[in-house]
Every structure is written in C-alpha cells, then in structure tokens.
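Student: Pasting query-v7.cif below, which is mmCIF, C-alpha atoms.
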data_entry
#
loop_
_atom_site.group_PDB
_atom_site.id
_atom_site.type_symbol
_atom_site.label_atom_id
_atom_site.label_comp_id
_atom_site.auth_asym_id
_atom_site.auth_seq_id
_atom_site.Cartn_x
_atom_site.Cartn_y
_atom_site.Cartn_z
ATOM 1 C CA ILE V 1 -51.726 72.022 -22.916
ATOM 2 C CA GLY V 2 -53.727 69.036 -21.708
ATOM 3 C CA VAL V 3 -50.820 66.647 -21.129
ATOM 4 C CA LYS V 4 -51.573 63.748 -18.816
ATOM 5 C CA ILE V 5 -48.697 62.923 -16.466
ATOM 6 C CA GLU V 6 -48.150 59.223 -15.794
ATOM 7 C CA VAL V 7 -45.292 56.945 -14.807
ATOM 8 C CA VAL V 8 -43.539 55.234 -17.708
ATOM 9 C CA GLU V 9 -43.444 51.487 -17.094
ATOM 10 C CA LYS V 10 -43.163 48.146 -18.830
ATOM 11 C CA LYS V 11 -46.524 46.586 -19.652
ATOM 12 C CA PRO V 12 -47.750 43.634 -21.683
ATOM 13 C CA LEU V 13 -49.029 45.138 -24.912
ATOM 14 C CA GLN V 14 -51.320 43.750 -27.607
ATOM 15 C CA HIS V 15 -52.023 44.749 -31.172
ATOM 16 C CA THR V 16 -55.331 43.984 -32.871
ATOM 17 C CA LEU V 17 -54.787 43.077 -36.501
ATOM 18 C CA ARG V 18 -57.956 43.743 -38.497
ATOM 19 C CA THR V 19 -58.494 42.455 -41.995
ATOM 20 C CA VAL V 20 -61.058 40.827 -44.261
ATOM 21 C CA GLY V 21 -61.401 37.189 -45.187
ATOM 22 C CA ARG V 22 -63.628 34.776 -47.006
ATOM 23 C CA VAL V 23 -64.875 31.294 -46.319
ATOM 24 C CA ALA V 24 -62.752 28.948 -48.408
ATOM 25 C CA TYR V 25 -63.853 27.461 -51.656
ATOM 26 C CA ASP V 26 -60.551 25.934 -52.771
ATOM 27 C CA PRO V 27 -60.810 23.132 -55.338
ATOM 28 C CA GLU V 28 -57.139 23.642 -56.226
ATOM 29 C CA LEU V 29 -55.930 22.775 -52.717
ATOM 30 C CA TYR V 30 -58.385 19.879 -52.527
ATOM 31 C CA SER V 31 -56.996 18.548 -55.808
ATOM 32 C CA VAL V 32 -53.350 18.884 -54.732
ATOM 33 C CA LEU V 33 -54.109 17.080 -51.446
ATOM 34 C CA ALA V 34 -55.680 14.229 -53.422
ATOM 35 C CA GLU V 35 -52.636 14.192 -55.712
ATOM 36 C CA TYR V 36 -50.318 13.970 -52.705
ATOM 37 C CA GLN V 37 -52.301 11.117 -51.146
ATOM 38 C CA GLU V 38 -52.268 9.224 -54.447
ATOM 39 C CA ALA V 39 -48.504 9.792 -54.784
ATOM 40 C CA ILE V 40 -47.923 8.388 -51.291
ATOM 41 C CA ARG V 41 -50.118 5.372 -52.054
ATOM 42 C CA ALA V 42 -48.262 4.698 -55.316
ATOM 43 C CA HIS V 43 -44.898 5.156 -53.599
ATOM 44 C CA LYS V 44 -45.762 2.518 -50.996
ATOM 45 C CA GLU V 45 -46.755 0.098 -53.727
ATOM 46 C CA LEU V 46 -43.553 0.740 -55.685
ATOM 47 C CA LYS V 47 -41.036 0.814 -52.828
ATOM 48 C CA ASP V 48 -40.308 -2.911 -53.149
ATOM 49 C CA ASN V 49 -39.965 -2.704 -56.925
ATOM 50 C CA LEU V 50 -36.545 -3.924 -57.968
ATOM 51 C CA ILE V 51 -36.347 -1.499 -60.890
ATOM 52 C CA SER V 52 -34.572 1.583 -59.520
ATOM 53 C CA SER V 53 -36.032 3.957 -62.129
ATOM 54 C CA VAL V 54 -39.543 3.056 -60.960
ATOM 55 C CA GLN V 55 -38.599 3.774 -57.329
ATOM 56 C CA VAL V 56 -37.066 7.114 -58.319
ATOM 57 C CA GLU V 57 -40.230 8.065 -60.210
ATOM 58 C CA GLY V 58 -42.325 7.286 -57.125
ATOM 59 C CA ASP V 59 -40.053 9.440 -54.955
ATOM 60 C CA GLN V 60 -40.291 12.323 -57.419
ATOM 61 C CA LEU V 61 -44.096 12.200 -57.487
ATOM 62 C CA VAL V 62 -44.248 12.479 -53.672
ATOM 63 C CA ARG V 63 -41.689 15.312 -53.573
ATOM 64 C CA SER V 64 -43.444 17.220 -56.346
ATOM 65 C CA ALA V 65 -46.862 17.051 -54.658
ATOM 66 C CA LYS V 66 -45.363 17.944 -51.265
ATOM 67 C CA LEU V 67 -43.583 20.964 -52.796
ATOM 68 C CA LYS V 68 -46.862 22.194 -54.323
ATOM 69 C CA LEU V 69 -48.507 21.974 -50.901
ATOM 70 C CA ALA V 70 -45.601 23.787 -49.204
ATOM 71 C CA GLN V 71 -45.902 26.617 -51.754
ATOM 72 C CA MET V 72 -49.578 26.879 -50.749
ATOM 73 C CA GLY V 73 -48.631 27.134 -47.053
ATOM 74 C CA VAL V 74 -49.687 23.544 -46.269
ATOM 75 C CA ARG V 75 -46.977 21.652 -44.420
ATOM 76 C CA GLY V 76 -46.037 20.156 -41.068
ATOM 77 C CA LEU V 77 -48.826 19.657 -38.552
ATOM 78 C CA PHE V 78 -51.328 21.470 -40.768
ATOM 79 C CA LEU V 79 -50.710 18.983 -43.588
ATOM 80 C CA GLN V 80 -51.079 16.062 -41.172
ATOM 81 C CA GLU V 81 -54.352 17.525 -39.905
ATOM 82 C CA LEU V 82 -55.822 17.778 -43.405
ATOM 83 C CA LEU V 83 -54.685 14.276 -44.353
ATOM 84 C CA ALA V 84 -56.122 12.793 -41.145
ATOM 85 C CA SER V 85 -59.609 14.276 -41.583
ATOM 86 C CA GLN V 86 -61.745 13.714 -44.656
ATOM 87 C CA GLN V 87 -64.220 16.260 -43.279
ATOM 88 C CA SER V 88 -61.496 18.938 -43.037
ATOM 89 C CA ARG V 89 -60.629 18.367 -46.692
ATOM 90 C CA GLU V 90 -64.260 18.364 -47.828
ATOM 91 C CA SER V 91 -64.875 21.629 -45.973
ATOM 92 C CA LEU V 92 -62.621 23.262 -48.582
ATOM 93 C CA LEU V 93 -65.489 22.714 -51.043
ATOM 94 C CA LEU V 94 -68.765 22.401 -49.114
ATOM 95 C CA PRO V 95 -70.279 23.689 -45.856
ATOM 96 C CA ALA V 96 -69.330 21.481 -42.899
ATOM 97 C CA HIS V 97 -68.981 21.569 -39.115
ATOM 98 C CA THR V 98 -65.554 23.118 -39.685
ATOM 99 C CA ALA V 99 -64.930 26.110 -41.960
ATOM 100 C CA TRP V 100 -61.654 27.429 -43.336
ATOM 101 C CA ILE V 101 -61.263 31.198 -43.510
ATOM 102 C CA TYR V 102 -58.723 32.751 -45.865
ATOM 103 C CA ALA V 103 -57.644 36.134 -44.490
ATOM 104 C CA ASP V 104 -55.435 38.663 -46.310
ATOM 105 C CA ILE V 105 -52.425 39.827 -44.268
ATOM 106 C CA TYR V 106 -50.728 42.918 -45.666
ATOM 107 C CA GLU V 107 -46.982 42.886 -46.202
ATOM 108 C CA TYR V 108 -46.190 45.339 -43.388
ATOM 109 C CA GLU V 109 -48.021 43.099 -40.865
ATOM 110 C CA THR V 110 -46.672 39.716 -41.991
ATOM 111 C CA GLY V 111 -44.079 39.692 -39.197
ATOM 112 C CA LEU V 112 -46.895 39.697 -36.613
ATOM 113 C CA ILE V 113 -48.845 36.671 -37.813
ATOM 114 C CA ARG V 114 -48.079 33.036 -37.008
ATOM 115 C CA PRO V 115 -49.903 29.713 -36.569
ATOM 116 C CA GLY V 116 -51.631 29.202 -33.217
ATOM 117 C CA GLN V 117 -52.945 32.744 -32.760
ATOM 118 C CA ARG V 118 -56.578 33.119 -31.676
ATOM 119 C CA VAL V 119 -59.011 34.851 -34.020
ATOM 120 C CA LYS V 120 -62.417 36.512 -33.679
ATOM 121 C CA LEU V 121 -64.672 36.754 -36.731
ATOM 122 C CA THR V 122 -67.953 38.351 -37.666
ATOM 123 C CA ALA V 123 -69.946 37.906 -40.864
ATOM 124 C CA PRO V 124 -72.214 40.533 -42.469
ATOM 125 C CA ALA V 125 -74.748 37.739 -42.993
ATOM 126 C CA PHE V 126 -74.991 37.221 -39.199
ATOM 127 C CA PRO V 127 -74.335 40.636 -37.599
ATOM 128 C CA GLU V 128 -75.243 39.504 -34.064
ATOM 129 C CA LYS V 129 -73.122 36.342 -34.180
ATOM 130 C CA SER V 130 -69.377 36.042 -33.553
ATOM 131 C CA PHE V 131 -67.083 33.142 -34.339
ATOM 132 C CA SER V 132 -63.762 32.056 -32.836
ATOM 133 C CA GLY V 133 -60.941 30.335 -34.643
ATOM 134 C CA VAL V 134 -57.208 29.628 -34.756
ATOM 135 C CA VAL V 135 -54.603 30.482 -37.377
ATOM 136 C CA ARG V 136 -53.407 27.138 -38.759
ATOM 137 C CA SER V 137 -51.039 28.262 -41.531
ATOM 138 C CA VAL V 138 -49.672 31.292 -43.353
ATOM 139 C CA ASP V 139 -48.685 31.222 -47.024
ATOM 140 C CA PRO V 140 -44.922 31.573 -47.569
ATOM 141 C CA ILE V 141 -45.290 33.547 -50.825
ATOM 142 C CA LEU V 142 -46.744 37.049 -51.225
ATOM 143 C CA THR V 143 -49.483 37.680 -53.766
ATOM 144 C CA ALA V 144 -47.704 40.084 -56.115
ATOM 145 C CA MET V 145 -50.717 42.220 -57.067
ATOM 146 C CA THR V 146 -52.091 42.839 -53.556
ATOM 147 C CA ARG V 147 -48.827 42.447 -51.570
ATOM 148 C CA THR V 148 -50.565 40.164 -49.082
ATOM 149 C CA LEU V 149 -50.076 36.748 -47.553
ATOM 150 C CA LYS V 150 -52.988 34.395 -47.028
ATOM 151 C CA ALA V 151 -53.604 33.126 -43.490
ATOM 152 C CA ARG V 152 -55.744 29.998 -43.174
ATOM 153 C CA ILE V 153 -57.967 30.027 -40.096
ATOM 154 C CA LYS V 154 -59.878 27.031 -38.760
ATOM 155 C CA VAL V 155 -63.292 27.887 -37.308
ATOM 156 C CA PRO V 156 -65.958 25.642 -35.731
ATOM 157 C CA ASN V 157 -69.052 26.083 -37.893
ATOM 158 C CA ALA V 158 -72.048 24.885 -35.880
ATOM 159 C CA GLY V 159 -75.154 24.766 -38.010
ATOM 160 C CA GLU V 160 -72.984 25.230 -41.106
ATOM 161 C CA MET V 161 -73.748 28.954 -41.013
ATOM 162 C CA LEU V 162 -70.504 29.940 -42.730
ATOM 163 C CA GLN V 163 -70.747 28.937 -46.377
ATOM 164 C CA PRO V 164 -68.094 28.981 -49.117
ATOM 165 C CA GLU V 165 -67.203 32.422 -50.504
ATOM 166 C CA MET V 166 -68.949 34.364 -47.703
ATOM 167 C CA PHE V 167 -67.007 37.431 -46.571
ATOM 168 C CA VAL V 168 -66.006 37.873 -42.911
ATOM 169 C CA ASP V 169 -64.312 40.522 -40.780
ATOM 170 C CA VAL V 170 -61.250 39.164 -38.995
ATOM 171 C CA MET V 171 -59.651 40.362 -35.750
ATOM 172 C CA ILE V 172 -56.431 38.747 -34.533
ATOM 173 C CA GLN V 173 -55.145 39.651 -31.069
ATOM 174 C CA ILE V 174 -51.354 39.678 -31.221
ATOM 175 C CA SER V 175 -49.192 39.785 -28.104
ATOM 176 C CA LEU V 176 -46.291 42.238 -28.467
ATOM 177 C CA GLY V 177 -44.668 41.138 -25.197
ATOM 178 C CA SER V 178 -43.601 43.423 -22.368
ATOM 179 C CA LYS V 179 -42.773 46.903 -23.729
ATOM 180 C CA LEU V 180 -41.984 50.336 -22.340
ATOM 181 C CA ALA V 181 -45.376 52.034 -22.366
ATOM 182 C CA ILE V 182 -47.196 55.288 -21.724
ATOM 183 C CA PRO V 183 -50.947 56.030 -21.725
ATOM 184 C CA GLU V 184 -52.378 57.378 -24.973
ATOM 185 C CA GLY V 185 -53.312 60.553 -23.120
ATOM 186 C CA ALA V 186 -49.631 61.338 -22.468
ATOM 187 C CA LEU V 187 -48.819 61.437 -26.198
ATOM 188 C CA LEU V 188 -49.031 64.553 -28.345
ATOM 189 C CA ASP V 189 -49.675 63.399 -31.908
ATOM 190 C CA SER V 190 -49.551 66.117 -34.576
ATOM 191 C CA GLY V 191 -50.227 63.620 -37.335
ATOM 192 C CA GLU V 192 -46.621 63.860 -38.525
ATOM 193 C CA THR V 193 -44.720 63.569 -35.248
ATOM 194 C CA GLN V 194 -45.417 62.011 -31.859
ATOM 195 C CA LEU V 195 -44.093 63.812 -28.782
ATOM 196 C CA VAL V 196 -43.944 63.187 -25.068
ATOM 197 C CA PHE V 197 -42.794 65.547 -22.336
ATOM 198 C CA VAL V 198 -40.617 64.189 -19.534
ATOM 199 C CA ALA V 199 -41.255 65.701 -16.088
ATOM 200 C CA LYS V 200 -37.789 66.275 -14.577
ATOM 201 C CA GLY V 201 -39.030 67.877 -11.364
ATOM 202 C CA GLU V 202 -38.944 71.435 -10.004
ATOM 203 C CA GLY V 203 -41.248 72.541 -12.754
ATOM 204 C CA ARG V 204 -38.986 71.392 -15.615
#
Could you write out this file's structure as structure tokens?
Tutor:
Amino acid sequence: IGVKIEVVEKKPLQHTLRTVGRVAYDPELYSVLAEYQEAIRAHKELKDNLISSVQVEGDQLVRSAKLKLAQMGVRGLFLQELLASQQSRESLLLPAHTAWIYADIYEYETGLIRPGQRVKLTAPAFPEKSFSGVVRSVDPILTAMTRTLKARIKVPNAGEMLQPEMFVDVMIQISLGSKLAIPEGALLDSGETQLVFVAKGEGR
C-alpha cells in the first residue's frame, strides 16, 4: 500500500506561517505617537506645579495616550524604539530606509506569532527580490470583521523600494520545538483522517 517505514523520533520541527501584508501608511499611529510625546512634555512641565488638579490632569493625559498606543499593539521596547527614532516614526507615512509591514495573522494562528521572529518577504513589484525583517509587535485586539491580528514587521528598505500601501507576501518561520515526528511518507491521509501503521515485528 506504499507505506514508508521509518523510526519514530523526536525532531526539531518548524511551521511556515504564510500570509499577506502591506507597507504601512499609518497617520493614525503617527498622530497618537505625537500626542503621547506632547503629553509627556506637558507632564514634565507641570510636575512641579503646586496645584494638584493640574498635576492630575497631566498624569491623565499621559495615561490616556499610552493606553491608546497599547490598544494599537505599541508598548514596551517597541514604543521606546519608535520614540527614540524620528526616522522610524516618519516611515509610517513616507518611504524611508526602514519600512513597517502590517501582516494579517488569522485567529487560529495567533498563538504561534510573537515579537522577535524572523520574517521573509517578497513583493509583486519586485519578483526577483526578497526582503528580511523581524516581528516587532502584535496587536492585542482582533479585528472583528476579518478575525485577524495585525503583526508589525520592521524591514530594512535599501533604496526605499518598499513604498506605503504596497502589498507583500509574508513568510514567518516558527519553531515548534522538539516534537515526536514521522516522515510525511509514513502518513496515510484520506483527507478526513490521518493514519499511521505501527510495525510490531513478525509481520504484524
């Protein structure tokens, strides 16, 4: 019946997550980052104000802007990175030496994606060119209509080839750790069920 006999053993396995993305054009995030920076600046100026209500108002402005950013998946080291680099912020609006890719991650794959994972990208506009990037953040809130999360990927953009709103194909190699594994050829897949035969010896 064409079954391939192999030893079952633990092996490091990987899953390739494939999805589509677009080069960011995100004036909303750019605006909220500016709002947060302005809130921090105002808070520093008001922190020595003797009127407590003024201090409380400054605190609330910072918390409100920070909450907006957290809802957009921008927090922690990723937030610090954007605040530290004017070019990173401007690349949300215009072509630059760095591009941000927004990739859609479907609900059933959200448990596989996390910041720090390496990414390969191709763009229909440059079929012979490939790009490499890193996942920097993942939105904490699903988009209700598409049931997806948005992963933000940072990509070096030499020559500013990737321009806002371009579409890209995204491949993320995800390590699944060491798992009990068999070769594909040892699996009988009917389309509804997957079967393996165990060789017990003496022809059984």
Student: List as JSON, numbers by chain the residues having at least one atom at most 9 Å from position (-60.8, 25.4, -39.0) as given in the file, counting all atoms listed in the file.
Tutor: {"V": [88, 91, 98, 99, 100, 101, 133, 134, 135, 136, 152, 153, 154, 155, 156, 157]}
Student: Show me, as a VMD selection string, the residues that have an atom within 8 Å of V:Lys120 when counting all atoms listed in the file, minus same-chain residues fewer than 6 positions from it.
Tutor: chain V and resid 130 to 133 170 to 172
Student: Any chance you could resolve the PyMOL selection byres ((chain V and resi 196) around 12) against this file and give the residues as a ChimeraX atom specification?
Tutor: /V:1-6,8,181-190,193-195,197-199
Student: Go through V:Leu67, V:Ala151, V:Ala125, V:Leu13 and flag the residue nearest V:Gln173, using all atoms listed in the file for the distances.
Tutor: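 Under the stated criterion, the closest residue is V:Leu13.
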Student: Find the nearest atom pair between each residue of stretch 7-118 of chain V and stretch 176-180 of chain V for residues within 9 Å, count all atoms listed in the file, give distances in Å to one decimal, sort rows by chain and ascending number, and present the table as CSV.
Tutor:
residue,atom,partner,partner_atom,distance
V:Val8,CA,V:Leu180,CA,6.9
V:Glu9,CA,V:Leu180,CA,5.6
V:Lys10,CA,V:Leu180,CA,4.3
V:Lys11,CA,V:Ser178,CA,5.1
V:Pro12,CA,V:Ser178,CA,4.2
V:Leu13,CA,V:Leu176,CA,5.3
V:Gln14,CA,V:Leu176,CA,5.3
V:His15,CA,V:Leu176,CA,6.8
V:Leu112,CA,V:Leu176,CA,8.6
Student: Starting from the displayed file, determine the output of the PyMOL selection byres ((chain V and resi 73-75) around 10) and express the residue list as JSON, numbers by chain.
Tutor: {"V": [29, 33, 66, 67, 68, 69, 70, 71, 72, 76, 77, 78, 79, 80, 81, 82, 136, 137, 138, 139, 140, 141, 149, 150, 151, 152]}
Student: If the PyMOL selection byres ((chain V and resi 37) around 12) is run on the structure shown, which residues does it catch, given as a ChimeraX atom specification?
Tutor: /V:30-36,38-44,61-66,69,79-80,82-84,86,89
Student: Between V:Pro164, V:Pro127, V:Gly21, V:Gly159, single out the one closest to V:Ile105, counting all atoms listed in the file.
Tutor: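 Of all the options, V:Gly21 lies closest to V:Ile105.
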Student: List as a PyMOL selection string the residues having at least one atom at most 10 Å from position (-69.3, 34.0, -45.6) as given in the file, counting all atoms listed in the file.
Tutor: chain V and resi 21-24+99+101+122-126+161-169
Student: Please measure the separation of atom CA of V:Leu92 and atom CA of V:Asp26, giving the value in Å to one decimal.
Tutor: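 Rounded to one decimal, the two atoms are 5.4 Å apart.
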Student: To box stretch 181-186 of chain V, take all atoms listed in the file, fit an axis-aligned box, add 4 Å on each side, and give centre and edge lengths in Å to one decimal, as AutoDock Vina command-line options.
Tutor:
--center_x -49.3 --center_y 56.7 --center_z -23.3 --size_x 15.9 --size_y 17.3 --size_z 11.2
Student: Provide the atom CA of V:Gln60 to atom CA of V:Glu28 distance in Å, to one decimal place.
Tutor: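 The value is 20.3 Å.
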Student: For a test of reading the model, state the distance in Å between atom CA of V:Ala96 and atom CA of V:Pro27, rounded to one decimal.
Tutor: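 Atom-to-atom, atom CA of V:Ala96 to atom CA of V:Pro27, that is 15.2 Å.
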Student: Can you work out which one of V:Ile174, V:Leu46, V:Val7, V:Ala144 has the shortest atom-to-atom distance to V:Gln117, counting only C-alpha atoms?
Tutor: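 Among the listed residues, the smallest separation from V:Gln117 belongs to V:Ile174.
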